[in-house]
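Trainee: Have a peek at data.cif (mmCIF, N, CA and C atoms).
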```cif
data_model
loop_
_atom_site.label_atom_id
_atom_site.label_comp_id
_atom_site.auth_asym_id
_atom_site.auth_seq_id
_atom_site.Cartn_x
_atom_site.Cartn_y
_atom_site.Cartn_z
N GLY A 1 227.60 6.81 239.50
CA GLY A 1 227.74 5.39 239.29
C GLY A 1 226.94 4.93 238.11
N THR A 2 226.93 3.67 237.93
CA THR A 2 226.20 3.05 236.83
C THR A 2 225.34 1.92 237.37
N PHE A 3 224.39 1.51 236.57
CA PHE A 3 223.64 0.30 236.87
C PHE A 3 223.25 -0.35 235.56
N LYS A 4 222.97 -1.63 235.61
CA LYS A 4 222.54 -2.37 234.42
C LYS A 4 221.06 -2.64 234.52
N ALA A 5 220.39 -2.58 233.38
CA ALA A 5 218.95 -2.86 233.32
C ALA A 5 218.67 -3.80 232.18
N GLU A 6 217.74 -4.70 232.38
CA GLU A 6 217.27 -5.57 231.31
C GLU A 6 216.08 -4.86 230.66
N ILE A 7 216.18 -4.60 229.37
CA ILE A 7 215.16 -3.86 228.63
C ILE A 7 214.36 -4.84 227.78
N PHE A 8 213.05 -4.79 227.88
CA PHE A 8 212.17 -5.74 227.20
C PHE A 8 211.61 -5.14 225.91
N LEU A 9 212.40 -5.21 224.86
CA LEU A 9 212.00 -4.69 223.55
C LEU A 9 210.76 -5.41 223.04
N ASP A 10 210.58 -6.67 223.39
CA ASP A 10 209.42 -7.43 222.92
C ASP A 10 208.13 -7.00 223.62
N ARG A 11 208.21 -6.43 224.82
CA ARG A 11 207.02 -6.05 225.57
C ARG A 11 206.62 -4.60 225.39
N VAL A 12 207.60 -3.72 225.28
CA VAL A 12 207.34 -2.28 225.12
C VAL A 12 208.32 -1.72 224.08
N PRO A 13 208.11 -2.04 222.83
CA PRO A 13 209.10 -1.69 221.81
C PRO A 13 209.36 -0.19 221.65
N ARG A 14 208.34 0.63 221.72
CA ARG A 14 208.55 2.08 221.57
C ARG A 14 209.33 2.64 222.76
N THR A 15 208.87 2.32 223.96
CA THR A 15 209.50 2.82 225.17
C THR A 15 210.94 2.30 225.29
N ALA A 16 211.13 1.03 225.00
CA ALA A 16 212.48 0.44 225.06
C ALA A 16 213.39 1.08 224.02
N SER A 17 212.91 1.26 222.81
CA SER A 17 213.72 1.86 221.74
C SER A 17 214.10 3.29 222.08
N ASN A 18 213.16 4.03 222.66
CA ASN A 18 213.43 5.40 223.10
C ASN A 18 214.54 5.40 224.15
N PHE A 19 214.42 4.55 225.16
CA PHE A 19 215.41 4.47 226.23
C PHE A 19 216.79 4.10 225.67
N ILE A 20 216.82 3.09 224.81
CA ILE A 20 218.08 2.63 224.22
C ILE A 20 218.71 3.75 223.39
N ASP A 21 217.91 4.44 222.59
CA ASP A 21 218.42 5.53 221.77
C ASP A 21 219.03 6.63 222.64
N LEU A 22 218.33 7.01 223.69
CA LEU A 22 218.84 8.06 224.58
C LEU A 22 220.12 7.59 225.29
N ALA A 23 220.13 6.34 225.75
CA ALA A 23 221.32 5.82 226.45
C ALA A 23 222.52 5.76 225.50
N GLU A 24 222.31 5.25 224.29
CA GLU A 24 223.41 5.14 223.34
C GLU A 24 223.93 6.50 222.87
N SER A 25 223.08 7.51 222.92
CA SER A 25 223.51 8.85 222.50
C SER A 25 224.27 9.58 223.60
N GLY A 26 224.30 9.01 224.81
CA GLY A 26 224.96 9.65 225.94
C GLY A 26 224.06 10.59 226.73
N PHE A 27 222.78 10.62 226.40
CA PHE A 27 221.84 11.52 227.07
C PHE A 27 221.88 11.38 228.59
N TYR A 28 221.97 10.15 229.09
CA TYR A 28 221.91 9.92 230.53
C TYR A 28 223.25 10.11 231.24
N ASN A 29 224.33 10.28 230.50
CA ASN A 29 225.65 10.43 231.12
C ASN A 29 225.68 11.64 232.05
N GLY A 30 226.08 11.42 233.27
CA GLY A 30 226.22 12.51 234.23
C GLY A 30 224.94 12.93 234.92
N ILE A 31 223.83 12.28 234.61
CA ILE A 31 222.55 12.65 235.24
C ILE A 31 222.42 11.92 236.57
N HIS A 32 222.03 12.65 237.60
CA HIS A 32 221.82 12.10 238.93
C HIS A 32 220.36 11.69 239.13
N PHE A 33 220.13 10.81 240.08
CA PHE A 33 218.76 10.54 240.52
C PHE A 33 218.27 11.84 241.17
N HIS A 34 217.21 12.41 240.66
CA HIS A 34 216.72 13.69 241.18
C HIS A 34 215.58 13.53 242.18
N ARG A 35 215.02 12.37 242.25
CA ARG A 35 213.90 12.13 243.18
C ARG A 35 214.09 10.76 243.80
N VAL A 36 214.38 10.73 245.07
CA VAL A 36 214.59 9.47 245.78
C VAL A 36 213.65 9.47 246.98
N ILE A 37 212.73 8.54 246.97
CA ILE A 37 211.76 8.41 248.06
C ILE A 37 211.96 7.02 248.66
N PRO A 38 212.55 6.95 249.86
CA PRO A 38 212.80 5.64 250.48
C PRO A 38 211.53 4.79 250.54
N ASP A 39 211.72 3.50 250.32
CA ASP A 39 210.63 2.52 250.35
C ASP A 39 209.57 2.80 249.29
N PHE A 40 209.93 3.52 248.23
CA PHE A 40 208.99 3.80 247.14
C PHE A 40 209.71 3.69 245.80
N MET A 41 210.50 4.71 245.43
CA MET A 41 211.16 4.68 244.14
C MET A 41 212.29 5.70 244.06
N CYS A 42 213.11 5.55 242.99
CA CYS A 42 214.21 6.47 242.67
C CYS A 42 214.03 6.87 241.21
N GLN A 43 213.97 8.17 240.94
CA GLN A 43 213.68 8.66 239.59
C GLN A 43 214.89 9.38 239.00
N PHE A 44 215.08 9.17 237.69
CA PHE A 44 216.18 9.80 236.97
C PHE A 44 215.74 10.10 235.54
N GLY A 45 216.59 10.83 234.82
CA GLY A 45 216.36 11.05 233.41
C GLY A 45 216.14 12.49 233.01
N CYS A 46 216.18 13.40 233.98
CA CYS A 46 216.02 14.82 233.66
C CYS A 46 217.40 15.42 233.38
N PRO A 47 217.58 16.05 232.21
CA PRO A 47 218.89 16.63 231.91
C PRO A 47 219.31 17.73 232.88
N HIS A 48 218.36 18.39 233.54
CA HIS A 48 218.71 19.42 234.52
C HIS A 48 219.37 18.81 235.75
N ALA A 49 219.20 17.50 235.95
CA ALA A 49 219.77 16.83 237.12
C ALA A 49 221.26 16.52 236.96
N LYS A 50 221.87 17.01 235.89
CA LYS A 50 223.34 16.91 235.83
C LYS A 50 223.94 17.74 236.95
N ASP A 51 223.21 18.77 237.35
CA ASP A 51 223.55 19.53 238.55
C ASP A 51 222.61 19.01 239.64
N PRO A 52 223.12 18.22 240.58
CA PRO A 52 222.23 17.60 241.57
C PRO A 52 221.51 18.61 242.47
N LYS A 53 221.93 19.86 242.45
CA LYS A 53 221.27 20.88 243.27
C LYS A 53 220.34 21.78 242.47
N SER A 54 220.17 21.48 241.19
CA SER A 54 219.33 22.31 240.33
C SER A 54 217.87 22.29 240.79
N LYS A 55 217.27 23.46 240.86
CA LYS A 55 215.85 23.55 241.19
C LYS A 55 214.97 23.11 240.03
N ARG A 56 215.57 22.97 238.85
CA ARG A 56 214.83 22.52 237.67
C ARG A 56 214.87 21.00 237.50
N ALA A 57 215.64 20.32 238.36
CA ALA A 57 215.73 18.86 238.26
C ALA A 57 214.33 18.25 238.36
N GLY A 58 214.03 17.39 237.41
CA GLY A 58 212.73 16.74 237.36
C GLY A 58 211.76 17.39 236.38
N THR A 59 212.18 18.50 235.76
CA THR A 59 211.28 19.23 234.86
C THR A 59 211.66 19.12 233.39
N GLY A 60 212.74 18.44 233.07
CA GLY A 60 213.23 18.43 231.69
C GLY A 60 213.12 17.09 231.01
N GLY A 61 213.39 17.13 229.72
CA GLY A 61 213.38 15.93 228.90
C GLY A 61 214.28 16.12 227.71
N PRO A 62 214.28 15.16 226.80
CA PRO A 62 215.11 15.28 225.61
C PRO A 62 214.53 16.28 224.61
N LYS A 63 215.32 16.61 223.63
CA LYS A 63 214.83 17.48 222.56
C LYS A 63 213.87 16.71 221.67
N ASP A 64 212.97 17.45 221.04
CA ASP A 64 212.08 16.83 220.05
C ASP A 64 212.94 16.27 218.92
N GLY A 65 212.46 15.22 218.30
CA GLY A 65 213.20 14.61 217.20
C GLY A 65 212.68 13.21 216.92
N ASN A 66 213.51 12.44 216.27
CA ASN A 66 213.13 11.09 215.85
C ASN A 66 214.06 10.04 216.44
N PHE A 67 213.55 8.83 216.53
CA PHE A 67 214.36 7.67 216.89
C PHE A 67 213.76 6.46 216.19
N LYS A 68 214.56 5.43 216.05
CA LYS A 68 214.11 4.22 215.36
C LYS A 68 213.54 3.23 216.35
N ASN A 69 212.33 2.73 216.05
CA ASN A 69 211.74 1.65 216.83
C ASN A 69 212.49 0.38 216.43
N LEU A 70 213.23 -0.19 217.35
CA LEU A 70 214.10 -1.33 217.04
C LEU A 70 213.34 -2.62 216.78
N ARG A 71 212.09 -2.66 217.10
CA ARG A 71 211.26 -3.85 216.84
C ARG A 71 210.58 -3.76 215.47
N THR A 72 210.04 -2.58 215.14
CA THR A 72 209.28 -2.42 213.90
C THR A 72 210.11 -1.80 212.77
N ASN A 73 211.27 -1.23 213.12
CA ASN A 73 212.12 -0.50 212.17
C ASN A 73 211.47 0.78 211.66
N LYS A 74 210.38 1.20 212.27
CA LYS A 74 209.72 2.45 211.88
C LYS A 74 210.30 3.62 212.67
N THR A 75 210.15 4.81 212.12
CA THR A 75 210.59 6.02 212.79
C THR A 75 209.52 6.47 213.77
N GLU A 76 209.95 6.75 215.00
CA GLU A 76 209.07 7.26 216.05
C GLU A 76 209.47 8.71 216.31
N LYS A 77 208.57 9.47 216.91
CA LYS A 77 208.83 10.89 217.16
C LYS A 77 208.84 11.21 218.65
N ARG A 78 209.70 12.15 219.01
CA ARG A 78 209.64 12.81 220.31
C ARG A 78 209.07 14.20 220.04
N PHE A 79 208.10 14.60 220.83
CA PHE A 79 207.37 15.85 220.57
C PHE A 79 207.00 16.54 221.88
N ASN A 80 206.62 17.80 221.78
CA ASN A 80 206.16 18.57 222.96
C ASN A 80 207.10 18.44 224.15
N GLY A 81 208.38 18.68 223.92
CA GLY A 81 209.35 18.60 224.99
C GLY A 81 209.98 17.23 225.13
N GLY A 82 210.04 16.48 224.04
CA GLY A 82 210.71 15.18 224.04
C GLY A 82 209.85 14.01 224.46
N ASN A 83 208.53 14.18 224.49
CA ASN A 83 207.63 13.10 224.89
C ASN A 83 207.41 12.11 223.76
N ILE A 84 207.02 10.90 224.13
CA ILE A 84 206.67 9.88 223.14
C ILE A 84 205.23 9.44 223.38
N LEU A 85 204.67 8.76 222.39
CA LEU A 85 203.31 8.24 222.53
C LEU A 85 203.28 7.18 223.62
N ASP A 86 202.19 7.16 224.39
CA ASP A 86 202.01 6.12 225.40
C ASP A 86 202.01 4.75 224.74
N GLU A 87 202.42 3.76 225.52
CA GLU A 87 202.49 2.39 225.03
C GLU A 87 201.91 1.47 226.09
N ASN A 88 200.61 1.49 226.22
CA ASN A 88 199.93 0.69 227.23
C ASN A 88 199.57 -0.68 226.66
N ILE A 89 200.61 -1.52 226.52
CA ILE A 89 200.37 -2.85 225.96
C ILE A 89 200.85 -3.96 226.88
N SER A 90 201.89 -3.71 227.67
CA SER A 90 202.44 -4.72 228.56
C SER A 90 201.80 -4.57 229.94
N LYS A 91 201.47 -5.68 230.54
CA LYS A 91 200.87 -5.65 231.87
C LYS A 91 201.87 -6.10 232.92
N ASP A 92 203.10 -5.62 232.79
CA ASP A 92 204.11 -5.85 233.81
C ASP A 92 203.85 -4.88 234.96
N SER A 93 203.81 -5.40 236.16
CA SER A 93 203.48 -4.58 237.32
C SER A 93 204.71 -3.85 237.85
N ASN A 94 204.49 -2.79 238.58
CA ASN A 94 205.54 -1.99 239.22
C ASN A 94 206.00 -2.68 240.51
N THR A 95 206.70 -3.79 240.34
CA THR A 95 207.21 -4.55 241.47
C THR A 95 208.65 -4.14 241.76
N PRO A 96 209.18 -4.48 242.92
CA PRO A 96 210.55 -4.08 243.26
C PRO A 96 211.56 -4.51 242.19
N GLY A 97 212.41 -3.58 241.82
CA GLY A 97 213.45 -3.85 240.83
C GLY A 97 213.07 -3.54 239.40
N THR A 98 211.79 -3.20 239.16
CA THR A 98 211.38 -2.88 237.79
C THR A 98 211.60 -1.40 237.50
N LEU A 99 211.78 -1.13 236.22
CA LEU A 99 212.01 0.22 235.73
C LEU A 99 210.77 0.64 234.95
N SER A 100 210.24 1.82 235.24
CA SER A 100 209.02 2.29 234.58
C SER A 100 209.21 3.72 234.09
N MET A 101 208.52 4.05 232.98
CA MET A 101 208.58 5.41 232.46
C MET A 101 207.74 6.33 233.32
N ALA A 102 208.32 7.46 233.69
CA ALA A 102 207.58 8.48 234.45
C ALA A 102 206.83 9.38 233.48
N ASN A 103 205.75 9.98 233.96
CA ASN A 103 205.01 10.97 233.18
C ASN A 103 204.41 11.98 234.14
N VAL A 104 203.72 12.94 233.60
CA VAL A 104 203.14 13.99 234.47
C VAL A 104 201.64 13.77 234.71
N GLY A 105 201.16 12.57 234.45
CA GLY A 105 199.76 12.27 234.71
C GLY A 105 198.84 12.56 233.56
N ARG A 106 199.39 12.95 232.43
CA ARG A 106 198.61 13.20 231.21
C ARG A 106 199.05 12.21 230.14
N PRO A 107 198.17 11.90 229.20
CA PRO A 107 198.57 11.01 228.10
C PRO A 107 199.77 11.57 227.34
N ASN A 108 200.62 10.67 226.89
CA ASN A 108 201.75 10.99 226.02
C ASN A 108 202.66 12.05 226.63
N SER A 109 202.95 11.92 227.93
CA SER A 109 203.78 12.92 228.61
C SER A 109 205.08 12.34 229.18
N GLY A 110 205.45 11.15 228.74
CA GLY A 110 206.73 10.55 229.15
C GLY A 110 207.76 10.73 228.06
N GLY A 111 209.02 10.89 228.46
CA GLY A 111 210.07 11.07 227.46
C GLY A 111 211.38 10.41 227.83
N SER A 112 212.05 10.95 228.84
CA SER A 112 213.35 10.41 229.22
C SER A 112 213.41 10.02 230.69
N GLN A 113 212.41 10.39 231.47
CA GLN A 113 212.47 10.11 232.90
C GLN A 113 211.84 8.75 233.22
N PHE A 114 212.59 8.01 234.01
CA PHE A 114 212.18 6.68 234.44
C PHE A 114 212.35 6.58 235.94
N PHE A 115 211.65 5.64 236.54
CA PHE A 115 211.84 5.41 237.97
C PHE A 115 212.06 3.93 238.22
N LEU A 116 212.91 3.69 239.20
CA LEU A 116 213.23 2.35 239.65
C LEU A 116 212.39 2.07 240.89
N ASN A 117 211.52 1.09 240.78
CA ASN A 117 210.68 0.72 241.92
C ASN A 117 211.54 0.00 242.97
N VAL A 118 211.51 0.47 244.20
CA VAL A 118 212.22 -0.20 245.28
C VAL A 118 211.23 -0.85 246.25
N ALA A 119 209.96 -0.77 245.92
CA ALA A 119 208.88 -1.39 246.70
C ALA A 119 207.82 -1.89 245.72
N ASP A 120 206.85 -2.60 246.24
CA ASP A 120 205.73 -3.05 245.41
C ASP A 120 204.79 -1.87 245.22
N ASN A 121 204.78 -1.33 243.99
CA ASN A 121 203.99 -0.12 243.69
C ASN A 121 202.89 -0.42 242.67
N LYS A 122 202.12 -1.48 242.92
CA LYS A 122 201.05 -1.86 242.00
C LYS A 122 200.05 -0.74 241.75
N GLU A 123 199.92 0.16 242.73
CA GLU A 123 198.97 1.27 242.57
C GLU A 123 199.37 2.20 241.42
N LEU A 124 200.59 2.07 240.93
CA LEU A 124 201.05 2.88 239.79
C LEU A 124 200.82 2.20 238.44
N ASP A 125 200.36 0.95 238.45
CA ASP A 125 200.12 0.24 237.19
C ASP A 125 199.08 0.98 236.36
N TRP A 126 199.26 0.99 235.06
CA TRP A 126 198.31 1.66 234.17
C TRP A 126 197.03 0.84 234.01
N PHE A 127 197.10 -0.44 234.34
CA PHE A 127 195.95 -1.32 234.20
C PHE A 127 195.38 -1.66 235.57
N SER A 128 194.14 -2.09 235.60
CA SER A 128 193.50 -2.47 236.85
C SER A 128 193.80 -3.92 237.16
N PRO A 129 193.92 -4.28 238.45
CA PRO A 129 194.15 -5.68 238.80
C PRO A 129 193.07 -6.57 238.21
N GLY A 130 193.47 -7.69 237.68
CA GLY A 130 192.53 -8.62 237.10
C GLY A 130 192.25 -8.40 235.62
N ASP A 131 192.74 -7.29 235.06
CA ASP A 131 192.54 -7.04 233.62
C ASP A 131 193.38 -8.00 232.81
#
```
Just give me the structure of the file as structure tokens.
Mentor:
Amino acid sequence: GTFKAEIFLDRVPRTASNFIDLAESGFYNGIHFHRVIPDFMCQFGCPHAKDPKSKRAGTGGPKDGNFKNLRTNKTEKRFNGGNILDENISKDSNTPGTLSMANVGRPNSGGSQFFLNVADNKELDWFSPGD
């Protein structure tokens, strides 16, 4: 199936531009949600998840390369397995219905995988409450 998402280029220009570039290139076509945790989140974006039974689902990303930052018009890079630089500038919380970039818990480790929050997941925010 498909879903529509509102992308905030003004709040997270690098992350939004990366997502838009991948979507427009067809990267996400045929990819299944590979991680669904009821009352928490649904994750997608791994190219191995085109096969919903793949044991590698959740471990992949896009190829290294370049994409255009649609806000700055500068060239951005995907590196080390398709990752992009972290963009900790927006303080939008992980509330129900929001889309967030997934990573492996290390800096600059997000690339194509995102998760849809289906619950209030403030504990996943990169910033501390009150900041």
Trainee: For segment 27-41 of chain A, find every residue with an atom within 7 Å (counting only N, CA and C atoms), except residues of its own chain fewer than 5 positions away, and show them as a JSON list (two decimals) with N, CA and C atoms, in the coordinates of the input.
Mentor:
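Written output follows (result-v4.json):
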```
[["chain", "number", "residue", "atom", "x", "y", "z"],
["A", 21, "ASP", "N", 217.91, 4.44, 222.59],
["A", 21, "ASP", "CA", 218.42, 5.53, 221.77],
["A", 21, "ASP", "C", 219.03, 6.63, 222.64],
["A", 22, "LEU", "N", 218.33, 7.01, 223.69],
["A", 22, "LEU", "CA", 218.84, 8.06, 224.58],
["A", 22, "LEU", "C", 220.12, 7.59, 225.29],
["A", 46, "CYS", "N", 216.18, 13.40, 233.98],
["A", 46, "CYS", "CA", 216.02, 14.82, 233.66],
["A", 46, "CYS", "C", 217.40, 15.42, 233.38],
["A", 47, "PRO", "N", 217.58, 16.05, 232.21],
["A", 47, "PRO", "CA", 218.89, 16.63, 231.91],
["A", 47, "PRO", "C", 219.31, 17.73, 232.88],
["A", 48, "HIS", "N", 218.36, 18.39, 233.54],
["A", 48, "HIS", "CA", 218.71, 19.42, 234.52],
["A", 48, "HIS", "C", 219.37, 18.81, 235.75],
["A", 49, "ALA", "N", 219.20, 17.50, 235.95],
["A", 49, "ALA", "CA", 219.77, 16.83, 237.12],
["A", 49, "ALA", "C", 221.26, 16.52, 236.96],
["A", 50, "LYS", "N", 221.87, 17.01, 235.89],
["A", 50, "LYS", "CA", 223.34, 16.91, 235.83],
["A", 50, "LYS", "C", 223.94, 17.74, 236.95],
["A", 51, "ASP", "N", 223.21, 18.77, 237.35],
["A", 51, "ASP", "CA", 223.55, 19.53, 238.55],
["A", 51, "ASP", "C", 222.61, 19.01, 239.64],
["A", 52, "PRO", "N", 223.12, 18.22, 240.58],
["A", 52, "PRO", "CA", 222.23, 17.60, 241.57],
["A", 52, "PRO", "C", 221.51, 18.61, 242.47],
["A", 57, "ALA", "N", 215.64, 20.32, 238.36],
["A", 57, "ALA", "CA", 215.73, 18.86, 238.26],
["A", 57, "ALA", "C", 214.33, 18.25, 238.36],
["A", 58, "GLY", "N", 214.03, 17.39, 237.41],
["A", 58, "GLY", "CA", 212.73, 16.74, 237.36],
["A", 58, "GLY", "C", 211.76, 17.39, 236.38],
["A", 115, "PHE", "N", 211.65, 5.64, 236.54],
["A", 115, "PHE", "CA", 211.84, 5.41, 237.97],
["A", 115, "PHE", "C", 212.06, 3.93, 238.22],
["A", 116, "LEU", "N", 212.91, 3.69, 239.20],
["A", 116, "LEU", "CA", 213.23, 2.35, 239.65],
["A", 116, "LEU", "C", 212.39, 2.07, 240.89],
["A", 117, "ASN", "N", 211.52, 1.09, 240.78],
["A", 117, "ASN", "CA", 210.68, 0.72, 241.92],
["A", 117, "ASN", "C", 211.54, 0.00, 242.97],
["A", 118, "VAL", "N", 211.51, 0.47, 244.20],
["A", 118, "VAL", "CA", 212.22, -0.20, 245.28],
["A", 118, "VAL", "C", 211.23, -0.85, 246.25],
["A", 119, "ALA", "N", 209.96, -0.77, 245.92],
["A", 119, "ALA", "CA", 208.88, -1.39, 246.70],
["A", 119, "ALA", "C", 207.82, -1.89, 245.72],
["A", 120, "ASP", "N", 206.85, -2.60, 246.24],
["A", 120, "ASP", "CA", 205.73, -3.05, 245.41],
["A", 120, "ASP", "C", 204.79, -1.87, 245.22]]
```
Trainee: From a backbone DSSP assignment, name each residue in segment 40-123 of chain A labelled helix (DSSP H, G or I), as a ChimeraX atom specification.
Mentor: /A:47-50,122-123
Trainee: Is it possible to get the axis-aligned box enclosing segment 54-65 of chain A (all listed atoms, 3 Å extra per side) as lines of an AutoDock Vina configuration file, with centre and edge lengths in Å rounded to one decimal?
Mentor:
```
center_x = 215.7
center_y = 18.4
center_z = 229.1
size_x = 14.9
size_y = 16.3
size_z = 30.3
```
Trainee: In Å, rounded to a single decimal, give me how far atom N of Phe8 of chain A is from atom N of Ile89 of chain A.
Mentor: 12.9 Å
Trainee: I'd like to see the residues matched by the PyMOL selection byres (((chain A and resi 14 and name CA) around 9) and name CA) on this file, and ideally I'd get them as a list in words.
Mentor: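 Those residues are Leu9, Val12, Pro13, Thr15, Ala16, Ser17, Asn18, Phe19, Lys68, Asn69, Leu70, Arg71, Thr72, Glu76, Ile84, Leu85, Asp86 and Glu87 of chain A.
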Trainee: Would you mind exporting the chosen residues as a short mmCIF file (atom, residue, chain, number, x, y, z; two decimals), in the frame of the given file, restricted to N, CA and C atoms?
Mentor:
```
data_model
loop_
_atom_site.label_atom_id
_atom_site.label_comp_id
_atom_site.auth_asym_id
_atom_site.auth_seq_id
_atom_site.Cartn_x
_atom_site.Cartn_y
_atom_site.Cartn_z
N LEU A 9 212.40 -5.21 224.86
CA LEU A 9 212.00 -4.69 223.55
C LEU A 9 210.76 -5.41 223.04
N VAL A 12 207.60 -3.72 225.28
CA VAL A 12 207.34 -2.28 225.12
C VAL A 12 208.32 -1.72 224.08
N PRO A 13 208.11 -2.04 222.83
CA PRO A 13 209.10 -1.69 221.81
C PRO A 13 209.36 -0.19 221.65
N THR A 15 208.87 2.32 223.96
CA THR A 15 209.50 2.82 225.17
C THR A 15 210.94 2.30 225.29
N ALA A 16 211.13 1.03 225.00
CA ALA A 16 212.48 0.44 225.06
C ALA A 16 213.39 1.08 224.02
N SER A 17 212.91 1.26 222.81
CA SER A 17 213.72 1.86 221.74
C SER A 17 214.10 3.29 222.08
N ASN A 18 213.16 4.03 222.66
CA ASN A 18 213.43 5.40 223.10
C ASN A 18 214.54 5.40 224.15
N PHE A 19 214.42 4.55 225.16
CA PHE A 19 215.41 4.47 226.23
C PHE A 19 216.79 4.10 225.67
N LYS A 68 214.56 5.43 216.05
CA LYS A 68 214.11 4.22 215.36
C LYS A 68 213.54 3.23 216.35
N ASN A 69 212.33 2.73 216.05
CA ASN A 69 211.74 1.65 216.83
C ASN A 69 212.49 0.38 216.43
N LEU A 70 213.23 -0.19 217.35
CA LEU A 70 214.10 -1.33 217.04
C LEU A 70 213.34 -2.62 216.78
N ARG A 71 212.09 -2.66 217.10
CA ARG A 71 211.26 -3.85 216.84
C ARG A 71 210.58 -3.76 215.47
N THR A 72 210.04 -2.58 215.14
CA THR A 72 209.28 -2.42 213.90
C THR A 72 210.11 -1.80 212.77
N GLU A 76 209.95 6.75 215.00
CA GLU A 76 209.07 7.26 216.05
C GLU A 76 209.47 8.71 216.31
N ILE A 84 207.02 10.90 224.13
CA ILE A 84 206.67 9.88 223.14
C ILE A 84 205.23 9.44 223.38
N LEU A 85 204.67 8.76 222.39
CA LEU A 85 203.31 8.24 222.53
C LEU A 85 203.28 7.18 223.62
N ASP A 86 202.19 7.16 224.39
CA ASP A 86 202.01 6.12 225.40
C ASP A 86 202.01 4.75 224.74
N GLU A 87 202.42 3.76 225.52
CA GLU A 87 202.49 2.39 225.03
C GLU A 87 201.91 1.47 226.09
#
```
Trainee: Pro62 of chain A: which residues within 6.5 Å, counting only N, CA and C atoms, same-chain residues fewer than 2 positions away excluded, as a list in words?
Mentor: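 What passes the distance filter is Pro47, Gly60, Asp64, Gly81, Gly82, Asn83, Gly111 and Ser112 of chain A.
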Trainee: Enter the distance from atom CA of Asn80 of chain A to atom CA of Gly65 of chain A, in Å, rounded to one decimal.
Mentor: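 Going from atom CA of Asn80 of chain A over to atom CA of Gly65 of chain A, I get 9.9 Å.
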Trainee: Please measure the separation of atom N of Val104 of chain A and atom CA of Gly1 of chain A, giving the value in Å to one decimal.
Mentor: 25.8 Å
Trainee: Applied to this file, what does the PyMOL selection byres ((chain A and resi 102) around 6) return in terms of residues, put as a list in words?
Mentor: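 Taken over the shown coordinates, the PyMOL selection byres ((chain A and resi 102) around 6) returns Ser100, Met101, Asn103, Val104, Ser109, Gly110, Gly111, Gln113, Phe114 and Phe115 of chain A.
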Trainee: Find the residue from A:Phe3, A:Lys122, A:Phe79, A:Asn108 that sits nearest to Thr95 of chain A; use only C-alpha atoms when measuring.
Mentor: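 Ranking A:Phe3, A:Lys122, A:Phe79, A:Asn108 by distance to Thr95 of chain A, first place goes to A:Lys122.
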Trainee: Might you spell out which residues the PyMOL selection byres ((chain A and resi 90) around 8) would select in the displayed file, as a list of chain:residue names?
Mentor: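 This file, filtered by the PyMOL selection byres ((chain A and resi 90) around 8), leaves A:Asp10, A:Arg11, A:Val12, A:Glu87, A:Asn88, A:Ile89, A:Lys91, A:Asp92, A:Ser93, A:Trp126, A:Phe127.
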Trainee: Output the selection as a PDB file, in the frame of the given file - N, CA and C atoms for each residue.
Mentor:
```pdb
ATOM      1  N   ASP A  10     210.580  -6.670 223.390  1.00  0.00           N
ATOM      2  CA  ASP A  10     209.420  -7.430 222.920  1.00  0.00           C
ATOM      3  C   ASP A  10     208.130  -7.000 223.620  1.00  0.00           C
ATOM      4  N   ARG A  11     208.210  -6.430 224.820  1.00  0.00           N
ATOM      5  CA  ARG A  11     207.020  -6.050 225.570  1.00  0.00           C
ATOM      6  C   ARG A  11     206.620  -4.600 225.390  1.00  0.00           C
ATOM      7  N   VAL A  12     207.600  -3.720 225.280  1.00  0.00           N
ATOM      8  CA  VAL A  12     207.340  -2.280 225.120  1.00  0.00           C
ATOM      9  C   VAL A  12     208.320  -1.720 224.080  1.00  0.00           C
ATOM     10  N   GLU A  87     202.420   3.760 225.520  1.00  0.00           N
ATOM     11  CA  GLU A  87     202.490   2.390 225.030  1.00  0.00           C
ATOM     12  C   GLU A  87     201.910   1.470 226.090  1.00  0.00           C
ATOM     13  N   ASN A  88     200.610   1.490 226.220  1.00  0.00           N
ATOM     14  CA  ASN A  88     199.930   0.690 227.230  1.00  0.00           C
ATOM     15  C   ASN A  88     199.570  -0.680 226.660  1.00  0.00           C
ATOM     16  N   ILE A  89     200.610  -1.520 226.520  1.00  0.00           N
ATOM     17  CA  ILE A  89     200.370  -2.850 225.960  1.00  0.00           C
ATOM     18  C   ILE A  89     200.850  -3.960 226.880  1.00  0.00           C
ATOM     19  N   LYS A  91     201.470  -5.680 230.540  1.00  0.00           N
ATOM     20  CA  LYS A  91     200.870  -5.650 231.870  1.00  0.00           C
ATOM     21  C   LYS A  91     201.870  -6.100 232.920  1.00  0.00           C
ATOM     22  N   ASP A  92     203.100  -5.620 232.790  1.00  0.00           N
ATOM     23  CA  ASP A  92     204.110  -5.850 233.810  1.00  0.00           C
ATOM     24  C   ASP A  92     203.850  -4.880 234.960  1.00  0.00           C
ATOM     25  N   SER A  93     203.810  -5.400 236.160  1.00  0.00           N
ATOM     26  CA  SER A  93     203.480  -4.580 237.320  1.00  0.00           C
ATOM     27  C   SER A  93     204.710  -3.850 237.850  1.00  0.00           C
ATOM     28  N   TRP A 126     199.260   0.990 235.060  1.00  0.00           N
ATOM     29  CA  TRP A 126     198.310   1.660 234.170  1.00  0.00           C
ATOM     30  C   TRP A 126     197.030   0.840 234.010  1.00  0.00           C
ATOM     31  N   PHE A 127     197.100  -0.440 234.340  1.00  0.00           N
ATOM     32  CA  PHE A 127     195.950  -1.320 234.200  1.00  0.00           C
ATOM     33  C   PHE A 127     195.380  -1.660 235.570  1.00  0.00           C
TER      34      PHE A 127
END
```
Trainee: Could you tell me which of A:Thr75, A:Phe67, A:Arg106, A:Glu6 comes closest to Glu24 of chain A if we count only C-alpha atoms?
Mentor: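 The answer is A:Phe67, which sits nearest to Glu24 of chain A.
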Trainee: Mind checking DSSP for chain A and telling me the strand (DSSP E) residues as a PyMOL selection string?
Mentor: chain A and resi 35-37+41-44+65-68+75-78+99-101+114-117
